[in-house]
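Engineer: Below you will find the structure I want to go over with you.
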Amino acid sequence: MLRKRGSQEQLVDREVLLNLDYTGEPQSATDGYGSLQNGGFIPPRFLTAANGDDDDDPIYTHSYNPQTEPITPLKGNYFKDGKTKIDFVLVWEVKSRRKRRSRGKSQGGAEEGAAEEAAQEESRSEKKRAMQARLRERFIHHLQNAGLLLEKEESSSAKKTIHYLKLSAPWDVLVYYAEELCLRAPLQAQPYPEFNTSARVLEKLYVPNVMADSVPNRPVDYYTCAFRKSKMDKFLGSENQETYFTNTQRHRIVYEILARAPYGKRKRAEVGVARLLNEGAFTAAFPLHEGPFELPDYEIQPEQLNQRQVLYHYWARWSKWYKYQPLDHIREYFGEKIALYFAWLGFYTAWLLPAALVGTFVFVSGIMTMSSNTPAKEICDSGGRYLMCPLCEMCKPWNISDICPMAKVGYLFDHPGTVFFSIFMSLWSVTFLEYWKRKNATLAHHWDCMDFHEEEERPRPEFAAMAPSMEHNPVTGVKEPYFPEKARISRMLTGSMVIVIMLCVVMIFLVTVIIYRSIVSVMMYETGSSVLRTQAGNIANISSSMVNLALILLMGQVYTALAEQLTKWEMHRTQTQYEDAFTFKVFIFQFVNFYSSPFYVAFFKGRFVGYPGHYGTLFGMRNEDCGMGGCLIELAEQLFIIMVGKQLINNMQEFVIPKVKAWRQKRALASVRKAQVSHEPQRWEQDYELIECEGLFEEYLEIVLQFGFITIFVAAFPLAPLFALLNNWAEVRLDAHKFVCEYRRPVAERAQKIGVWFTILEALSHLSVIVNAFLIAFTSEFLPRLLYQYKFDNELHGYVNFTLAYSPPSYYSNSSHTVCRYKAFRDENGSYTLVYWELLAVRLGFIIAFEHAVFFVLRAIDWMVPDVPESLELKIKRERYLAKQALADNQEALLVSRLLASGPGQWTR
C-alpha cells in the first residue's frame, strides 16, 4: 500500500536507499533526499556542486522558492502539493528481509557444503544490492544538484517494496536546457495546414469526406525559432510558466538530465540512467501517461478528454480504421520519431489503395479472359495426342491433358495484364517514394524538426562500460571511452564472416526444402491415384512453402538474437551507429531468408533439368522442373503462403505477446496490489504494470519486407498489394493500441525522417525494376507467345506443339521408354534450336528496353516532383524572417548608429 510520508520518514529516506532490509521501522538519519512538503522542497545540497573525485565538470544548479501558502491538491500527474508536475518516474524494487531470512532457514537442514555455497551466494547477492543502492544514492544526489525536484512513494507487501521516485523540472531548469537543446519556441500562430491530398480533391469535387474526423484539442501550429532565454518576451505564451513547455518537451529535458547525471567516476563513463537500468540499480524509468485511456462512465465533452483518451477514442479503436490519423496529436503525445512512423505507415497504406485496385483489376481481367486462352484450350482438348516424358525415374509417361485445370489457372498469373502491372508497380514505387519525401519535408517543418540534426552523441552505455581506455573527443575536448578503430574493423570483418555463414545455412535449408519437394512429388506418383498424380507438383509446392515459412520464421528469430550480440561485440560508439549496423545485418539476412525461395522458383527452377537421357541431378535426384502451368503459378503460391502467412503470424504475435507480457508483469506485482487493495492505484503504479516500449525496429522491418514482396515479384502475384493493404489497415490499429494502451509512455524523441529505412526502400524499388524485367523475360510465357504470334499464328493455334520437343532416339532405343514429349526448344539430338537463340535475343532485348524505359521515366518523375513543395518553401522563408526579427539584438540602436555615421545630411534624404 502507499505509505503516508511523515516528517520522520522524510528523515530516513536516504538510509532506506542504502539499507536493503528496510521494513518501515524508524532509523536514525540526518539527511532526507526527496519529499515535497507543503508544495515544495529545497534539497540540502541544492546550490552546491558535487565535491569529490567522481565529478569532473560543473553541474548546472538553480534556486527554487517553494510556495508557502497551502495548496489544494489537484487530480493528475502532480506531486502531493497538487501543483508540481511529475515529469519522470524512476522505479526500483527491494525484497524484504523477512523473505531472505526465511529462505536461509529453509536451507538450514541441507548438507553443510550446499549450505555454505548458498550462504556465499546470499552474501554475493547482498553485496550486489548494497552496491546498487550506493549507485542510486550517488545518482539521486547528482539529480538534486542538477536542480530536479524529487518526491518518493512506496508500495509494499510482505515480499518486497517498490520505490517510486518522482522527478520534476522547475522553470529555471527548463529554460536552461531548452536553450541548450535548441528547442523550438512559438513566434506567431498560423492557420492549420491541410496535408491530406485526398481531402483537397474530395472538397473540389464536392464529395463528402467520410475519412475526415473532428478530433478535439488539436495542437496549434506556430511559426517557431530556436529558444533564447534573453528573448523570452518575444515568444508567445511565455508569461504562463506552467503551460509554456509541453509535456513532451519537459520529458525530453528531464531525460537529458538523467542521461548526463553521473553515478560514479566520469573518467570511467559511469554516467546516465541507461547504464543503471542495465546494471539493475533501477528497474524502470519512464514518463507518465496523461491519465487513463478509458472513457469515463459519465458524459463528458470531447474537449475535456485527456490526450491519451483522445488518442484512444479517435485513433486506436478498430472503428476508426477508415479515418485519417490525428498525426498532430500523436506527435504531441509521443514525439516526432513515433509520429513519423505512423505518418509513413498511413501514407504507404493510402498509396496501396490504387495499387490494390489495379492489381485486383488485372487479376479479374485474367479470370474474364481465361476462356480465350488458346494454349489452355489445346491442352484440355488434346486427349492423348501429347504423351509427356516421365517426371521421375520410377514414374510413367502421362498425357498433357491431365494438367488442364492447372493450365487454366496458370493464365491468371501469366497474361499480358501482368506485364502492364509490373511496369505500373515499378512506376508506383518510385512515385510513392518521391511524394513521401515531399510529405516528410512538410511534416518535418510543421513539427519544427526540419533543421534538426543529431547533436554530438554521447557514447552508448554498453560501449562506455566495455571500452578499454579513455581518449579525448576531438570535437568536444572531453575524455570519453575509446575503442581502437583497427580492433573494431577486425571485429566487423569477423562479424561479416558470421553473416556469410548464416546465409550459407539459409541456402542449406533451401536445398533441404527442394529435396523435400522432390521426395513428396515421388511419393504422390507412387500412390497410383490419378488425382494425386496430377496434383503432385501442386501438393509438394504448397506443403514445402509451409515448411519453408516455418524455417524462415525460426531462422529469423535466431539470427536477430545473433545479430544483436554481434553488433554489441563490434563496439559501435553511438546509438545511431549501433542501430544502423544492426538494421543492415538483420535486413540483409531477412532479405535472403524471405526471398531466396521465391528467387529460386522464379529464376533457377527448371533451368538445369536437362533432357531425356541426360537429366541433371542433385544428390542423385533429378533436378526440379516447372509444372506445365508454368513456374509463375508456383511462384504465386510461394508468395501467397510466405507473405500472407507471415502477416497473419505477425499480427497474432502483436496481439497476443503484449497481453502475455502484461499478464506476467501484473502477476509479478500481484502481491503488492493485494496489499494496497484498499487504496486506488496511482498513475505511476498503473504505468509500472504496463510493458516497456521496445522501439520501432520490428515495425519498420515488417513493413519494409512487405514492400519488397509487392514490388519485386509483383508480376507473378497481382493480388499482393491487396493483401498488403488489408494487413496494414489492421497494423495501424494494432500498433496504435499497443502504444496507447499497453506500452509505458516512451520518451519523446526528435527525428527529421525515417532514417536508413528510406535508403532500403529506394534500393528495393530499383531492384524491383530489374527483377520484374527478368521475371517477364525468362519466367513468363509472355515473350514466347509474342514471338509465336509474330512468326506463325496471331491466335496462338499450335502454340503447345511449338513449345514441346521430342525425346532423342538414344532415350527410347536402349530402354523400355517410348517416344515422348518434353517442354524445351531442342532438336532430336537434344541441341538447342534456332528458335531458342531467337527467343534468347528477344528476352535480352526486352530486358534492356524495359529497364531503360522504366528508369528514364523514374528519373523524369524524380526531376518533375520537387522534394520540397513550393508552398512549404514560402513558409520556411516566412519563418526565417520572423525568427530574424525576433532574435536580432539592438536593431534600432544599430540603425541609429548607421544613420549617425553617414552624416547629418543623410537624415533628410
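A note on labels: chains of the C-alpha cells are A, B, ... as shown, every chain counts residues from 1, and ligands are counted from 1 in their shown order.
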Looking only at alpha helix (DSSP H) from DSSP on the backbone, list the matching residues of range 651-828 of chain A as a PyMOL selection string.
Structural biologist: chain A and resi 651-668+670-675+683-688+697-712+720-737+756-774+782-791+799-803+809-813
Engineer: Could you give me, as a list in words, each residue of range 477-602 of chain A that DSSP assigns to strand (DSSP E) when run on this structure's backbone?
Structural biologist: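 Listing strand (DSSP E) positions across range 477-602 of chain A yields Lys479, Glu480, Pro481 and Tyr482 of chain A.
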Engineer: Nearest residue to Leu183 in chain A out of A:Val210, A:Met370, A:Cys225, A:Val201, using only C-alpha atoms?
Structural biologist: A:Cys225
Engineer: Can you tell me which residues surround Pro287 in chain A at a distance of at most 10 Å, considering only C-alpha atoms, apart from same-chain residues fewer than 6 positions away, and format the answer as a list in words?
Structural biologist: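 In the requested format, the answer is Ile86, Asp87, Phe88, Val89, Leu90, Lys166, Leu167, Asn247, Thr248, Arg250, His251, Arg252, Val254, Tyr255, Trp684, Asp687, Arg744, Arg745, Pro746, Val747 and Ala748 of chain A.
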Engineer: Quick one, how far is CA of Leu874 in chain A from CA of Tyr223 in chain A?
Structural biologist: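 Separation of CA of Leu874 in chain A and CA of Tyr223 in chain A: 12.2 Å.
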Engineer: Nearest to Asp172 in chain A among A:Lys95, A:Lys439, A:Lys229, A:His766, with distances taken over only C-alpha atoms: which residue is it?
Structural biologist: A:Lys229
Engineer: Could you tell me which of A:Asn77, A:Leu705, A:Met425, A:Tyr263 comes closest to Ile588 in chain A if we count only C-alpha atoms?
Structural biologist: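 Closest to Ile588 in chain A, using only C-alpha atoms: A:Leu705.
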Engineer: For a quick check of understanding, using only C-alpha atoms, which of A:Leu187, A:Leu648, A:Leu696, A:Ala602 has the smallest distance to Ile633 in chain A?
Structural biologist: A:Ala602
Engineer: For Thr374 in chain A, which residue among A:Leu796, A:Leu839, A:Val704, A:Ala849 is the nearest when counting only C-alpha atoms?
Structural biologist: A:Leu796
Engineer: Give me the residues within 7 Å of Thr779 in chain A as a ChimeraX atom specification, counting only C-alpha atoms and dropping any in the same chain fewer than 2 places off.
Structural biologist: /A:602-603,631-632,775-777,781
Engineer: Could you please take those selected residues and save all heavy atoms as a PDB file, in the first residue's frame?
Structural biologist:
ATOM      1  N   ALA A 602      11.638 -18.512 -59.270  1.00  0.00           N
ATOM      2  CA  ALA A 602      11.498 -17.596 -60.398  1.00  0.00           C
ATOM      3  C   ALA A 602      12.598 -17.760 -61.434  1.00  0.00           C
ATOM      4  O   ALA A 602      12.340 -17.663 -62.645  1.00  0.00           O
ATOM      5  CB  ALA A 602      11.460 -16.156 -59.893  1.00  0.00           C
ATOM      6  N   PHE A 603      13.834 -18.005 -60.989  1.00  0.00           N
ATOM      7  CA  PHE A 603      14.957 -17.911 -61.917  1.00  0.00           C
ATOM      8  C   PHE A 603      15.824 -19.174 -62.021  1.00  0.00           C
ATOM      9  O   PHE A 603      16.654 -19.255 -62.924  1.00  0.00           O
ATOM     10  CB  PHE A 603      15.857 -16.740 -61.518  1.00  0.00           C
ATOM     11  CG  PHE A 603      15.153 -15.423 -61.510  1.00  0.00           C
ATOM     12  CD1 PHE A 603      15.008 -14.715 -60.331  1.00  0.00           C
ATOM     13  CD2 PHE A 603      14.604 -14.894 -62.669  1.00  0.00           C
ATOM     14  CE1 PHE A 603      14.350 -13.488 -60.316  1.00  0.00           C
ATOM     15  CE2 PHE A 603      13.945 -13.685 -62.664  1.00  0.00           C
ATOM     16  CZ  PHE A 603      13.813 -12.976 -61.487  1.00  0.00           C
ATOM     17  N   CYS A 631       6.174 -21.819 -64.072  1.00  0.00           N
ATOM     18  CA  CYS A 631       6.757 -21.523 -62.767  1.00  0.00           C
ATOM     19  C   CYS A 631       6.079 -20.331 -62.099  1.00  0.00           C
ATOM     20  O   CYS A 631       6.190 -20.169 -60.885  1.00  0.00           O
ATOM     21  CB  CYS A 631       8.257 -21.231 -62.914  1.00  0.00           C
ATOM     22  SG  CYS A 631       9.279 -22.725 -62.815  1.00  0.00           S
ATOM     23  N   LEU A 632       5.401 -19.488 -62.870  1.00  0.00           N
ATOM     24  CA  LEU A 632       4.782 -18.312 -62.260  1.00  0.00           C
ATOM     25  C   LEU A 632       3.686 -18.694 -61.279  1.00  0.00           C
ATOM     26  O   LEU A 632       3.509 -18.039 -60.256  1.00  0.00           O
ATOM     27  CB  LEU A 632       4.219 -17.382 -63.333  1.00  0.00           C
ATOM     28  CG  LEU A 632       5.195 -16.385 -63.955  1.00  0.00           C
ATOM     29  CD1 LEU A 632       4.453 -15.404 -64.854  1.00  0.00           C
ATOM     30  CD2 LEU A 632       5.962 -15.618 -62.891  1.00  0.00           C
ATOM     31  N   LEU A 775      11.931 -11.442 -64.716  1.00  0.00           N
ATOM     32  CA  LEU A 775      10.800 -12.343 -64.474  1.00  0.00           C
ATOM     33  C   LEU A 775       9.929 -12.459 -65.713  1.00  0.00           C
ATOM     34  O   LEU A 775       9.519 -13.560 -66.110  1.00  0.00           O
ATOM     35  CB  LEU A 775       9.987 -11.821 -63.284  1.00  0.00           C
ATOM     36  CG  LEU A 775       9.009 -12.785 -62.618  1.00  0.00           C
ATOM     37  CD1 LEU A 775       9.753 -13.942 -61.990  1.00  0.00           C
ATOM     38  CD2 LEU A 775       8.189 -12.043 -61.564  1.00  0.00           C
ATOM     39  N   ILE A 776       9.626 -11.339 -66.338  1.00  0.00           N
ATOM     40  CA  ILE A 776       8.806 -11.350 -67.557  1.00  0.00           C
ATOM     41  C   ILE A 776       9.561 -12.004 -68.710  1.00  0.00           C
ATOM     42  O   ILE A 776       8.991 -12.758 -69.507  1.00  0.00           O
ATOM     43  CB  ILE A 776       8.388  -9.915 -67.915  1.00  0.00           C
ATOM     44  CG1 ILE A 776       7.475  -9.336 -66.836  1.00  0.00           C
ATOM     45  CG2 ILE A 776       7.675  -9.877 -69.269  1.00  0.00           C
ATOM     46  CD1 ILE A 776       7.235  -7.846 -66.970  1.00  0.00           C
ATOM     47  N   ALA A 777      10.872 -11.751 -68.781  1.00  0.00           N
ATOM     48  CA  ALA A 777      11.647 -12.243 -69.915  1.00  0.00           C
ATOM     49  C   ALA A 777      11.894 -13.747 -69.843  1.00  0.00           C
ATOM     50  O   ALA A 777      11.773 -14.451 -70.858  1.00  0.00           O
ATOM     51  CB  ALA A 777      12.974 -11.488 -69.995  1.00  0.00           C
ATOM     52  N   GLU A 781       5.516 -16.682 -69.886  1.00  0.00           N
ATOM     53  CA  GLU A 781       5.320 -17.143 -71.267  1.00  0.00           C
ATOM     54  C   GLU A 781       4.988 -15.977 -72.192  1.00  0.00           C
ATOM     55  O   GLU A 781       4.651 -16.205 -73.350  1.00  0.00           O
ATOM     56  CB  GLU A 781       4.188 -18.168 -71.303  1.00  0.00           C
ATOM     57  CG  GLU A 781       4.506 -19.501 -70.662  1.00  0.00           C
ATOM     58  CD  GLU A 781       5.502 -20.306 -71.483  1.00  0.00           C
ATOM     59  OE1 GLU A 781       5.399 -20.311 -72.720  1.00  0.00           O
ATOM     60  OE2 GLU A 781       6.406 -20.908 -70.873  1.00  0.00           O
TER      61      GLU A 781
END
Engineer: CA of Phe286 in chain A and CA of Lys661 in chain A, how far apart in Å?
Structural biologist: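 So the two atoms, CA of Lys661 in chain A and CA of Phe286 in chain A, lie 17.4 Å apart.
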Engineer: Kindly give the distance, in Å, that separates CA of Phe463 in chain A and CA of Thr576 in chain A, rounded to a single decimal.
Structural biologist: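 Rounded to one decimal, the two atoms are 12.6 Å apart.
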